[in-house]
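See below for final.txt, which holds compact mmCIF, C-alpha atoms.
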# COMPACT_ATOMS: atom_id res chain seq x y z
CA MET A 1024 -43.10 -41.08 -10.73
CA SER A 1025 -43.06 -37.26 -10.69
CA GLY A 1026 -42.24 -37.29 -6.95
CA GLN A 1027 -39.11 -39.36 -7.62
CA ARG A 1028 -38.17 -37.08 -10.53
CA GLU A 1029 -38.60 -34.00 -8.34
CA LYS A 1030 -36.43 -35.58 -5.63
CA GLN A 1031 -33.67 -36.31 -8.18
CA LYS A 1032 -33.93 -32.76 -9.51
CA GLN A 1033 -33.49 -31.33 -6.01
CA GLU A 1034 -30.55 -33.66 -5.30
CA THR A 1035 -28.86 -32.54 -8.52
CA ARG A 1036 -29.46 -28.89 -7.68
CA SER A 1037 -28.03 -29.43 -4.22
CA ARG A 1038 -24.97 -31.14 -5.73
CA LEU A 1039 -24.51 -28.17 -8.07
CA VAL A 1040 -24.72 -25.71 -5.18
CA SER A 1041 -22.14 -27.72 -3.19
CA ALA A 1042 -19.84 -27.98 -6.20
CA GLY A 1043 -20.30 -24.28 -6.89
CA ALA A 1044 -19.34 -23.43 -3.32
CA LYS A 1045 -16.16 -25.47 -3.61
CA VAL A 1046 -15.12 -24.09 -6.99
CA PHE A 1047 -16.09 -20.47 -6.28
CA ALA A 1048 -14.22 -20.63 -2.98
CA SER A 1049 -11.03 -21.85 -4.62
CA ARG A 1050 -11.13 -19.83 -7.87
CA GLY A 1051 -13.35 -16.86 -7.14
CA LEU A 1052 -16.32 -15.76 -9.22
CA GLU A 1053 -14.23 -14.42 -12.10
CA GLY A 1054 -11.88 -17.41 -12.22
CA THR A 1055 -14.65 -20.01 -12.22
CA ARG A 1056 -16.00 -21.51 -15.42
CA ILE A 1057 -19.34 -23.27 -15.68
CA GLY A 1058 -17.54 -26.38 -16.93
CA ASP A 1059 -15.47 -26.47 -13.71
CA ILE A 1060 -18.63 -26.59 -11.62
CA ALA A 1061 -20.34 -29.17 -13.82
CA ARG A 1062 -17.25 -31.38 -13.66
CA GLU A 1063 -17.02 -31.01 -9.87
CA ALA A 1064 -20.71 -31.94 -9.55
CA GLY A 1065 -20.35 -34.87 -11.96
CA VAL A 1066 -23.00 -33.59 -14.37
CA ALA A 1067 -23.09 -32.41 -17.97
CA MET A 1068 -22.98 -28.67 -18.61
CA GLY A 1069 -26.48 -28.89 -20.08
CA THR A 1070 -27.73 -30.25 -16.76
CA LEU A 1071 -26.25 -27.29 -14.96
CA TYR A 1072 -28.02 -24.91 -17.35
CA THR A 1073 -31.38 -26.56 -16.69
CA HIS A 1074 -31.00 -25.45 -13.05
CA PHE A 1075 -29.20 -22.11 -13.42
CA PRO A 1076 -29.11 -19.68 -16.35
CA ASP A 1077 -25.49 -18.68 -15.67
CA LYS A 1078 -22.74 -18.83 -13.08
CA ASP A 1079 -23.88 -15.57 -11.46
CA ALA A 1080 -27.25 -17.15 -10.65
CA LEU A 1081 -25.50 -20.20 -9.19
CA PHE A 1082 -23.16 -17.96 -7.18
CA GLU A 1083 -26.16 -16.12 -5.76
CA GLU A 1084 -27.80 -19.43 -4.81
CA VAL A 1085 -24.58 -20.62 -3.14
CA MET A 1086 -24.32 -17.43 -1.10
CA ARG A 1087 -27.99 -17.36 -0.10
CA ALA A 1088 -28.03 -21.05 0.90
CA GLY A 1089 -24.88 -20.63 2.96
CA LYS A 1090 -26.17 -17.49 4.63
CA ALA A 1091 -29.46 -19.22 5.48
CA ALA A 1092 -27.60 -22.16 7.03
CA ILE A 1093 -25.35 -20.00 9.20
CA ILE A 1094 -28.14 -17.68 10.34
CA ALA A 1095 -30.50 -20.59 11.09
CA GLY A 1096 -27.82 -22.25 13.23
CA ILE A 1097 -27.09 -19.09 15.21
CA GLU A 1098 -30.78 -18.30 15.69
CA ALA A 1099 -31.56 -21.85 16.84
CA THR A 1100 -28.79 -21.68 19.43
CA ASN A 1101 -29.91 -18.23 20.59
CA GLU A 1102 -33.39 -19.62 21.28
CA LEU A 1103 -32.10 -22.28 23.68
CA ASP A 1104 -33.02 -21.80 27.31
CA VAL A 1105 -29.46 -21.75 28.64
CA ASP A 1106 -27.28 -19.18 30.39
CA HIS A 1107 -25.39 -16.66 28.30
CA GLU A 1108 -21.97 -18.30 28.73
CA THR A 1109 -23.31 -21.68 27.59
CA ARG A 1110 -25.03 -20.03 24.63
CA ASP A 1111 -21.77 -18.38 23.55
CA ARG A 1112 -19.95 -21.72 23.67
CA LEU A 1113 -22.73 -23.47 21.73
CA VAL A 1114 -22.71 -20.78 19.04
CA MET A 1115 -18.96 -21.17 18.62
CA GLU A 1116 -19.25 -24.98 18.56
CA GLY A 1117 -21.78 -24.61 15.76
CA VAL A 1118 -19.63 -22.16 13.81
CA VAL A 1119 -16.58 -24.43 14.12
CA ALA A 1120 -18.63 -27.46 13.02
CA PHE A 1121 -19.94 -25.51 10.00
CA ALA A 1122 -16.40 -24.39 9.10
CA GLU A 1123 -15.11 -27.96 9.41
CA ALA A 1124 -17.89 -29.44 7.28
CA TYR A 1125 -18.05 -26.65 4.70
CA GLY A 1126 -14.62 -25.02 4.79
CA PRO A 1127 -14.63 -23.59 1.26
CA LEU A 1128 -18.20 -22.32 1.63
CA PHE A 1129 -17.41 -20.85 5.06
CA ARG A 1130 -14.46 -18.98 3.57
CA LEU A 1131 -16.52 -17.82 0.61
CA LEU A 1132 -19.34 -16.54 2.81
CA LEU A 1133 -17.24 -14.58 5.25
CA SER A 1134 -14.35 -13.46 3.10
CA ARG A 1135 -14.42 -9.77 2.33
CA GLY A 1136 -11.99 -10.43 -0.55
CA GLY A 1137 -14.89 -9.78 -2.89
CA GLY A 1138 -14.59 -6.05 -2.27
CA GLN A 1139 -17.99 -4.49 -2.64
CA ASP A 1140 -19.77 -7.74 -3.57
CA PRO A 1141 -23.26 -7.18 -2.08
CA LEU A 1142 -23.81 -10.89 -1.45
CA ARG A 1143 -20.72 -11.19 0.73
CA ARG A 1144 -21.59 -7.97 2.50
CA GLU A 1145 -25.11 -9.34 3.10
CA VAL A 1146 -23.80 -12.38 4.97
CA VAL A 1147 -21.48 -10.39 7.23
CA ASP A 1148 -24.17 -7.76 7.76
CA ALA A 1149 -26.76 -10.40 8.77
CA ILE A 1150 -24.42 -12.03 11.30
CA ALA A 1151 -23.41 -8.65 12.74
CA GLU A 1152 -27.07 -7.62 12.98
CA LEU A 1153 -27.84 -10.72 15.06
CA ARG A 1154 -24.98 -9.92 17.39
CA VAL A 1155 -26.05 -6.28 17.73
CA SER A 1156 -29.48 -7.54 18.86
CA GLU A 1157 -27.77 -9.78 21.43
CA PHE A 1158 -25.76 -6.82 22.72
CA GLU A 1159 -28.92 -4.76 23.09
CA GLU A 1160 -30.52 -7.56 25.11
CA GLY A 1161 -27.31 -7.95 27.09
CA ARG A 1162 -27.33 -4.31 28.08
CA HIS A 1163 -30.69 -4.87 29.79
CA ALA A 1164 -29.48 -8.12 31.36
CA GLY A 1165 -26.30 -6.50 32.62
CA TRP A 1166 -23.64 -8.47 30.76
CA VAL A 1167 -22.70 -5.78 28.20
CA ARG A 1168 -20.29 -3.15 29.46
CA PRO A 1169 -21.45 0.47 29.38
CA GLY A 1170 -20.40 2.50 26.37
CA LEU A 1171 -19.91 -0.46 24.03
CA ASP A 1172 -20.44 0.46 20.38
CA TYR A 1173 -22.58 -2.53 19.40
CA GLU A 1174 -22.07 -2.25 15.67
CA ALA A 1175 -18.28 -1.90 15.91
CA ALA A 1176 -18.03 -4.72 18.45
CA ALA A 1177 -20.19 -7.06 16.34
CA ARG A 1178 -18.12 -6.44 13.22
CA CYS A 1179 -14.84 -6.88 15.09
CA GLU A 1180 -16.13 -10.16 16.44
CA VAL A 1181 -17.22 -11.46 13.01
CA GLY A 1182 -13.82 -10.58 11.57
CA ALA A 1183 -11.90 -12.16 14.43
CA VAL A 1184 -13.92 -15.38 14.29
CA PHE A 1185 -13.49 -15.65 10.53
CA HIS A 1186 -9.75 -14.99 10.58
CA LEU A 1187 -9.02 -17.42 13.40
CA LEU A 1188 -11.05 -20.16 11.73
CA ASP A 1189 -9.51 -19.41 8.33
CA TRP A 1190 -6.04 -19.81 9.90
CA TRP A 1191 -7.08 -22.99 11.73
CA LEU A 1192 -8.67 -24.59 8.65
CA ASP A 1193 -5.33 -24.36 6.83
CA ASP A 1194 -3.82 -26.67 9.46
CA PRO A 1195 -6.11 -27.97 12.24
CA SER A 1196 -3.06 -29.40 14.06
CA ARG A 1197 -2.18 -25.80 14.99
CA MET A 1198 -4.75 -25.86 17.77
CA ASP A 1199 -6.87 -28.48 19.47
CA ARG A 1200 -10.53 -28.18 18.44
CA GLN A 1201 -11.73 -27.72 22.03
CA ASP A 1202 -9.05 -25.08 22.67
CA LEU A 1203 -10.20 -23.31 19.51
CA ILE A 1204 -13.82 -23.30 20.69
CA ARG A 1205 -12.73 -22.05 24.12
CA ALA A 1206 -10.63 -19.26 22.54
CA LEU A 1207 -13.52 -18.20 20.31
CA SER A 1208 -15.99 -18.33 23.21
CA ASP A 1209 -13.68 -16.34 25.48
CA PHE A 1210 -13.17 -13.72 22.79
CA ARG A 1211 -16.92 -13.55 22.22
CA ARG A 1212 -17.52 -13.25 25.96
CA PHE A 1213 -14.70 -11.05 27.14
CA GLY A 1214 -12.96 -9.45 24.16
CA VAL A 1215 -9.24 -9.07 24.46
CA GLU A 1216 -8.89 -7.33 27.84
CA GLY A 1217 -12.28 -7.74 29.49
CA ARG A 1218 -11.77 -10.87 31.57
CA SER A 1219 -10.45 -10.58 35.10
CA ALA A 1220 -7.77 -13.06 36.18
Represent the structure of the file as structure tokens.
Amino acid sequence: MSGQREKQKQETRSRLVSAGAKVFASRGLEGTRIGDIAREAGVAMGTLYTHFPDKDALFEEVMRAGKAAIIAGIEATNELDVDHETRDRLVMEGVVAFAEAYGPLFRLLLSRGGGQDPLRREVVDAIAELRVSEFEEGRHAGWVRPGLDYEAAARCEVGAVFHLLDWWLDDPSRMDRQDLIRALSDFRRFGVEGRSA
């Protein structure tokens, strides 16, 4: 019986995190009330408080869970035994799929609208750090151009990917999904002026 109870508890917690992501993304941390999240999750406020002491704790859980999902996806793709061009495309396919499935959470995770919010900075920093490591490996493999500032390039890339997907999520008819993935992959691979005709 306790196994079933634990499973239900985890399902409720997961529902609260998903509801929190949706509400935080649309109203921001300050504009969100605990009752909004409980209503979105379909639970009583008391149920929410059995899982989280306050909305700040839930916000932290939302951000950490989202960060873990994005990083795990990128790392799993980076471990595939494929050529670099294929890996870039697969990473962008994964990012687009995540953005499609979890649009509000995606926006919440990568938006810098939170100013100095350390949780939002942590997500962007973690993604940029992964890319910096890829650039360092790429220098040895010969696919990174000499003189590239890895940190600046990684942060430019994160910003460009976020802003293009943010624009596309508002109206996916603006661009075919495969064209979007190709544009993101090309940007990741060649930047703005790096590809020869």
Any idea what's packed within 9 Å of Arg1038 (chain A), counting all atoms listed in the file, ignoring anything in its chain fewer than 5 positions away? Could you give it as a ChimeraX atom specification? /A:1033,1043,1063-1065
Write out as a ChimeraX atom specification which residues come within 9 Å of Ala1061 (chain A) when counting all atoms listed in the file, dropping same-chain ones fewer than 6 positions away. /A:1039,1042-1043,1067-1071
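Taking all atoms listed in the file into account, the residues near (-21.2, -10.5, 10.8), no farther than 9 Å, are Leu1133, Arg1144, Glu1145, Val1146, Val1147, Asp1148, Ala1149, Ile1150, Ala1151, Glu1152, Leu1153, Arg1154, Ala1177, Arg1178, Cys1179, Glu1180, Val1181 and Gly1182 of chain A.
The smallest atom-to-atom distance between Phe1185 (chain A) and any of A:Gly1170, A:Gly1126, A:Gly1161, A:Gly1054, using only C-alpha atoms, is found for A:Gly1126.
Of the residues listed (A:Gly1051, A:Gly1096, A:Gly1026, A:Gly1117), A:Gly1051 shows the shortest atom-to-atom separation from Phe1082 (chain A); distances use all atoms listed in the file.
With all atoms listed in the file as the atoms that count, the minimum distance from Ser1134 (chain A) to the choices A:Arg1211, A:Ser1049, A:His1074, A:Thr1100 is reached by A:Ser1049.
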Counting all atoms listed in the file, figure out which residue out of A:Glu1116, A:His1107, A:Ala1091, A:Arg1168 gets nearest to Leu1188 (chain A). A:Glu1116
Which residue of A:Val1066, A:Ala1048, A:Arg1056, A:Ala1164 approaches Thr1035 (chain A) most closely, using all atoms listed in the file: A:Val1066
Mind pulling up the distance from CA of Phe1129 (chain A) to CA of Ile1093 (chain A)? 9.0 Å
As a check of understanding: the span from CA of Asp1202 (chain A) to CA of Gly1089 (chain A) is 25.7 Å
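As for CA of Arg1087 (chain A) and CA of Met1115 (chain A), they are spaced 21.1 Å apart.
Minimum atom-to-atom distance to Phe1047 (chain A), evaluated using only C-alpha atoms, belongs to A:Glu1084 out of A:Glu1123, A:Glu1084, A:Glu1029, A:Glu1034.
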